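K.L.:
Quick one: this structure, given as structure tokens, is what I'll be asking you about.
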Amino acid sequence: MNLSRDNNAIISRNLKSYHPMDKNININVKVWRQKGPKEKGHFETYALKDISQGSSFLEMMDILNEQLINEGKDPVVFDHDCREGICGMCSLYINGHPHGPDEDITTCQLHMRKFNDGDTITVEPWRSAGFPVIRDLMVDRSAFDKIIQAGGYVSVNTGGVPDGNAIPIPKHIADEAMDAAACIGCGACVATCKNGSAMLFVAAKVSQLALLPQGQVERAKRAKAMVAKMDELGFGNCTNTGACEQECPKNISISHIARLNREYLKAKIKD
Amino acid sequence: MINKEDETVKVENNTTMTDNTIKLDSKIPKGPLAEKWSNYKATQKLVNPANKRRLDIIVVGTGLAGASAAASLGELGFNVLNFCIQDSPRRAHSIAAQGGINAAKNYQNDGDSVYRLFYDTIKGGDYRAREANVYRLAEVSNNIIDQCVAQGVPFAREYGGLLDNRSFGGAQVSRTFYARGQTGQQLLLGAYSALSRAVNKNQVKLYTRYEMVDLVIIDGRARGIIARNLVTGKLERFAAHAVVIATGGYGNTFFLSTNAMGSNGSAAWQCYKKGAYFANPCMAQIHPTCIPVHGEFQSKLTLMSESLRNDGRIWVPKKLEDAKAIREGKLRPTDIKEEDRDYYLERRYPAFGNLVPRDVASRAAKERCDAGYGVGTTGLAVYLDFADAIKRLGKDVVEARYGNLFQMYEKIVDDNPYETPMMIYPAIHYTMGGLWVDYELMTSIPGLFAIGEANFSDHGANRLGASALMQGLADGYFVLPYTIQSYLSDQIRVPRFSTDSPEFEEAEKGVNARMDRLMSIKGTHSVDYFHKKLGHIMWDFVGMAREAEGLKKAIGSLKELKREFWSDVRIPGEKNSLNVELEKAIRLADFIEIGELMAHDALDREESCGGHFRVEHQTEEGEALRHDDKFAYVSCWEYQGEEKDPVMYKEPLNYEFIERQQRNYKS
């Protein structure tokens with residue numbers, strides 16, 4: 001067997017897509033530009049040519065930035081990291097939808113095959129009182145960390161815990177807890193909510209830990225503390241429009257909000 | 001090199017004198033393998049609670065290792081400062097780990113034990129890891145599962161309510177715990193929750209969107225860092241009694257990798273340039289199951305979890321003409337009859353089949369593609385087929401196990417893997433090399449520690465699947481909180497530092513000068529332009545198959561690239577402001593140098609082991625051929641200055657307890 005150097009890799013560099021149906025398209029990107037939190041923002045439109053539909057949306061943004069840098073302009077600032085839909089860092093409002101027009105994905109998983117030749121694509125930051133703009137499309141979501149810090153955990157120190165199998169959990173309960181725990185903390189639920197409510201985010205964590213036996217001891221305290229922190233940080237109230245569930249890239253169900261409401265009420269009644 | 005006196009712990013001096021007469025004391029405790037860690041803990045020096053409050057510890061990074069260490073150290077009473085470059089600790093790239101975490105629980109009654117996990121890890125690492133470290137890792141693996149369950153991590157369960165397991169490569173038992181295809185996410189959120197609690201209790205102070213840009217050394221000890229506030233662009237100084245690096249690996253040297261876009265090797269590289277040894281830099285892991293490369297604007301490669309190899313079967317066509325027809329779009333994989341498919345892993349490795357270790361599976365895929373049997377439009381892909389699993393288990397079961405991965409695949413490739421086999425190809429995924437650490441996880445700079453992927457210690461030349469999560473959490477929850485006290489116990493009389501000292505002043509001046517130099521170049525190409533060039537050089541010459549000639553060529557090309565970068569990069573914006581391009585440029589300057597060191601190390605190691613495959617050194621069957629007589633050592637590189645070649649010291653790997661063998665996954 002001969003393991004020679006990978007000459008073939010060079011071939012692949014000239015290809016654009018996996019899929020035979022993908023074409024190259026020309027588009028206009030209308031992007032929100034804002035220098036800082038207190039500056040006034042505005043839209044700017046940029047023309048992009050020959051974008052492969054096999055590219056991801058953020059690869060298209062990379063190409064736009066490459067173009068801007070080559071023209072001596074400031075690139076567009078946006079948050080992104082893992083580019084596989086799990087870190088929760090990317091956060092764009094695309095054509096009126098958080099994470100764009102595809103379902104059950106984050107912006108980094110959106111591909112250009114969802115757009116057509118000649119389209120103008122509008123890209124905005126998350127807009128919510130709870131998430132101030134830092135620059136362009138980058139927003140400050142540290143409020144989510146603060147809500148978790150208020151009580152989104154089971155208070156156990158490292159060490160001195162029981163054997164993993166000493167806490168049996170029925171499979172359907174573990175599965176439901178996992179459904180809630182799948183939240184990536186991206187903030188799409190807040191961005192899409194007309195009230196700027198963080199209820200789905202808070203509900204996902206409260207629900208996960210209320211379902212599990214490990215979360216029982218602090219169950220009431222947790223629900224109260226997290227809701228109080230959410231209110232304090234300027235997030236709006238929930239009016240059950242269901243938009244959050246619709247736009248959640250991880251399909252977190254609003255049934256968790258119902259559970260949060262029950263948890264919160266039960267806790268308050270005991271006060 | 002440190003040679004700290006310690007009356008209570010008798011340490012065996014695994015010392016070697018190289019040409020350069022420097023001592024590398026790995027501080028392996030004496031005694032039988034299974035008792036080393038217990039003995040260490042029983043006799044080590046501790047810091048009492050009142051003194052802990054007076055000691056500051058900086059932890060850089062909030063992944064599994066960083067977050068678990070920061071939370072655990074905070075709980076113990078130390079004053080912890082924890083930094084990350086992302087907007088939240090929960091974004092660290094540990095979150096992307098999919099498949100699972102190993103532990104020697106033997107819940108399946110299939111013959112697992114601490115010893116067997118230790119043995120599999122040493123063997124999987126091709127006998128290039130330290131016995132004592134790996135045994136300790138296997139020992140604490142069980143505590144990790146207990147800890148995570150207690151935190152509310154929703155691991156997969158059996159119908160009876162007990163924890164479920166799956167199999168991973170390189171093992172013949174089922175010891176991998178998982179939470180769907182999102183195990184890394186759930187474990188990180190567990191560590192993040194512990195960290196959040198510590199922040200709430202003022203045990204840890206969190207600095208998000210901060211990037212470490214230099215290490216500060218005072219009187220030979222690590223005493224602080226310079227960090228850049230990524231929002232304001234300003235440099236800030238932070239002092240502490242000890243500094244812990246938990247910033248992950250340097251896989252993005254290759255530009256295209258499964259790492260997150262922000263993952264970088266700069267913190268470790270700054271430590272190297274301040275005198276910490278960099279160990280086994282050439283040992284990088286190529287993961288066999290990633291979605292193949294498609295085009296030049298591609299920004300990253302997406303991993304498909306190794307767990308898929310539990311139920312997926314890997315194949316290419318048996319006939320060259322079928323492979324050609326597939327590449328040209330004339331045939332679909334489903335058109336190829338069963339007897340015309342070559343399940344090459346099952347054919348070559350009957351005992352382990354599709355579950356051979358990653359390095360073996362990656363090379364086997366490359367071998368088939370180089371021989372012309374590759375599929376996809378590029379010919380650089382093989383099939384991972386679930387048709388048999390769907391027949392055997394039903395679509396529902398397959399969906400429950402891998403649904404999110406299948407969805408991820410479909411969104412990228414626009415093909416339905418329930419109906420058409422997935423296409424996969426190897427990609428850079430993890431770096432086994434990293435900062436050299438002793439048994440206490442301390443680098444060669446006193447007071448500087450490295451944990452998780454950032455250190456080199458546990459995986460040898462190849463990491464087994466589901467062991468990165470295990471090592472990150474082992475280091476952070478159960479090892480460092482003990483071992484760091486051995487160092488801190490003689491620091492209790494050292495008062496808090498002022499950051500006005502000349503050492504801080506000088507470090508900050510150095511960083512400023514470097515940034516000024518970068519900003520003043522005003523060249524013609526973007527940072528990414530150079531990063532892609534770096535990636536091509538690395539993949540072509542320092543990738544899956546390396547040979548002396550190519551490595552020498554790479555070293556020359558990298559020198560040239562470095563010169564070009566430093567004279568022609570264009571960074572828009574200002575230095576003292578939010579500037580993403582400047583962040584990338586600082587990291588890329590380091591990546592180029594890391595690439596050089598990787599090539600040097602790969603050239604020096606004239607053998608094949610694990611992920612390091614030298615074409616000149618292979619068995620007749622094309623397997624990695626080690627030369628234990630010459631290369632049974634850790635290569636530890638010491639920085640000598642800008643224009644000088646680094647010096648290498650050797651830490652011999654004395655195997656006291658197990659016998660080295662040619663790895664065999666056939667029978």
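FYI, nothing fancy with the structure tokens labels: chains A, B, ... in order, residues from 1 per chain, ligands from 1 as they appear.
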Out of stretch 39-201 of chain A, which residues get helix (DSSP H, G or I) from DSSP, as an NGL selection string?
P.N.:
:A and (57-70 or 107-109 or 112-114 or 142-149 or 164-166 or 171-181 or 188-192 or 199-201)
K.L.:
Taking 3 positions as the minimum chain separation for residues in the same chain, which residues sit within 6 Å of stretch 103-111 of chain B when counting only C-alpha atoms? Answer as a PyMOL selection string.
P.N.:
chain B and resi 114+141-142+175
K.L.:
Generate a file of the selected residues that holds C-alpha atoms, formatted as a PDB file, in the first residue's frame.
P.N.:
```pdb
ATOM      1  CA  VAL B 114     -10.097   0.837  35.338  1.00  0.00           C
ATOM      2  CA  SER B 141     -13.333   8.628  35.004  1.00  0.00           C
ATOM      3  CA  ASN B 142     -16.034   7.116  37.199  1.00  0.00           C
ATOM      4  CA  ARG B 175     -18.234   2.321  28.181  1.00  0.00           C
TER       5      ARG B 175
END
```
K.L.:
For B:Gly184, which of A:Ile86, A:Lys40, A:Met226, A:Lys49 is the closest residue, counting only C-alpha atoms?
P.N.:
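Comparing A:Ile86, A:Lys40, A:Met226, A:Lys49 against B:Gly184, the winner is A:Ile86.
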K.L.:
Mind checking which residues fall within 7 Å of A:His256, counting only C-alpha atoms, ignoring those fewer than 3 positions away in the same chain, and posting them as an MDAnalysis selection string?
P.N.:
chainID A and resid 203:204 207 253 259:260
K.L.:
Based on the selection just made, write N, CA and C atoms of those residues as a PDB file, in the first residue's frame.
P.N.:
```pdb
ATOM      1  N   ALA A 203     -37.587  29.008  30.777  1.00  0.00           N
ATOM      2  CA  ALA A 203     -38.411  27.811  30.939  1.00  0.00           C
ATOM      3  C   ALA A 203     -37.625  26.545  30.633  1.00  0.00           C
ATOM      4  N   ALA A 204     -36.762  26.612  29.617  1.00  0.00           N
ATOM      5  CA  ALA A 204     -36.005  25.415  29.232  1.00  0.00           C
ATOM      6  C   ALA A 204     -35.166  24.924  30.405  1.00  0.00           C
ATOM      7  N   SER A 207     -37.478  23.909  33.506  1.00  0.00           N
ATOM      8  CA  SER A 207     -38.181  22.676  33.189  1.00  0.00           C
ATOM      9  C   SER A 207     -37.240  21.472  33.269  1.00  0.00           C
ATOM     10  N   SER A 253     -40.101  23.351  23.013  1.00  0.00           N
ATOM     11  CA  SER A 253     -41.556  23.514  22.995  1.00  0.00           C
ATOM     12  C   SER A 253     -42.022  24.517  24.051  1.00  0.00           C
ATOM     13  N   ARG A 259     -44.927  24.729  31.986  1.00  0.00           N
ATOM     14  CA  ARG A 259     -44.378  24.140  33.210  1.00  0.00           C
ATOM     15  C   ARG A 259     -43.743  25.218  34.092  1.00  0.00           C
ATOM     16  N   LEU A 260     -43.026  26.154  33.475  1.00  0.00           N
ATOM     17  CA  LEU A 260     -42.418  27.240  34.250  1.00  0.00           C
ATOM     18  C   LEU A 260     -43.501  28.014  35.001  1.00  0.00           C
TER      19      LEU A 260
END
```
K.L.:
Hey, which bits of stretch 565-643 of chain B sit within 12 Å of stretch 129-150 of chain A, and for each residue what's the closest pair of atoms and how far apart in Å (one decimal), counting only C-alpha atoms, rows by chain and increasing number, as CSV?
P.N.:
```
residue,atom,partner,partner_atom,distance
B:Ser577,CA,A:Arg135,CA,10.8
B:Leu578,CA,A:Arg135,CA,8.3
B:Asn579,CA,A:Arg135,CA,10.3
B:Val580,CA,A:Arg135,CA,11.1
```
K.L.:
My list of candidates is A:Met230, A:Ile27, A:Leu92, A:Ala225. Which is closest to chain B when distances are computed with only C-alpha atoms?
P.N.:
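When distances to chain B are compared using only C-alpha atoms, the smallest one comes from A:Ala225.
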K.L.:
As number ranges by chain, please: the residues near A:Thr107 (cut-off 7 Å, only C-alpha atoms, same-chain neighbours under 3 positions excluded).
P.N.:
A: 57, 90-92, 99-100, 110
K.L.:
For the residues in that selection, give me C-alpha atoms as a CSV table (one decimal), in the first residue's frame.
P.N.:
```csv
chain,number,residue,atom,x,y,z
A,57,PHE,CA,-24.7,31.9,4.9
A,90,CYS,CA,-24.3,33.2,15.8
A,91,SER,CA,-27.3,35.5,15.9
A,92,LEU,CA,-28.6,37.1,12.7
A,99,HIS,CA,-31.5,32.4,11.9
A,100,GLY,CA,-33.1,33.0,8.5
A,110,LEU,CA,-28.3,28.1,6.8
```
K.L.:
Could you build a table of the residues in stretch 172-225 of chain B lying no more than 10 Å from stretch 166-178 of chain A, giving for each the nearest pair of atoms and their separation in Å rounded to one decimal place, using only C-alpha atoms, ordered by chain and ascending residue number, as CSV?
P.N.:
```
residue,atom,partner,partner_atom,distance
B:Ala179,CA,A:Met178,CA,7.6
B:Arg180,CA,A:Met178,CA,8.4
B:Gln182,CA,A:Met178,CA,9.7
B:Gln186,CA,A:Met178,CA,8.7
```
K.L.:
Need the shell around A:Lys250: protein/DNA/RNA residues with any atom at most 7 Å away, counting only C-alpha atoms. Skip same-chain ones fewer than 4 positions apart. Format as an mmCIF file with C-alpha atoms, in the first residue's frame?
P.N.:
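See part_32.cif below for the written result:
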```cif
data_model
loop_
_atom_site.group_PDB
_atom_site.id
_atom_site.type_symbol
_atom_site.label_atom_id
_atom_site.label_comp_id
_atom_site.auth_asym_id
_atom_site.auth_seq_id
_atom_site.Cartn_x
_atom_site.Cartn_y
_atom_site.Cartn_z
ATOM 1 C CA ASP A 104 -34.750 24.127 12.979
ATOM 2 C CA ALA A 182 -31.009 21.182 24.146
ATOM 3 C CA CYS A 183 -31.356 25.004 24.386
#
```
K.L.:
Please list as an MDAnalysis selection string every residue within 8 Å of B:Ile555, counting only C-alpha atoms and excluding residues in the same chain fewer than 5 positions away.
P.N.:
chainID B and resid 596 599:600
K.L.:
Using only C-alpha atoms, please write the residues we just selected to a file, as a PDB file, in the first residue's frame.
P.N.:
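Saved file selection_2.pdb follows:
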```
ATOM      1  CA  GLU B 596       6.770  25.461  11.787  1.00  0.00           C
ATOM      2  CA  ALA B 599       6.899  20.347  10.909  1.00  0.00           C
ATOM      3  CA  HIS B 600      10.180  20.346  12.851  1.00  0.00           C
TER       4      HIS B 600
END
```
K.L.:
Smallest atom-to-atom distance to A:Gln246: which of A:Asp62, A:Glu39, A:Glu103, A:Glu71, using only C-alpha atoms?
P.N.:
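Answer, going by the shortest atom-to-atom distance: A:Glu103.
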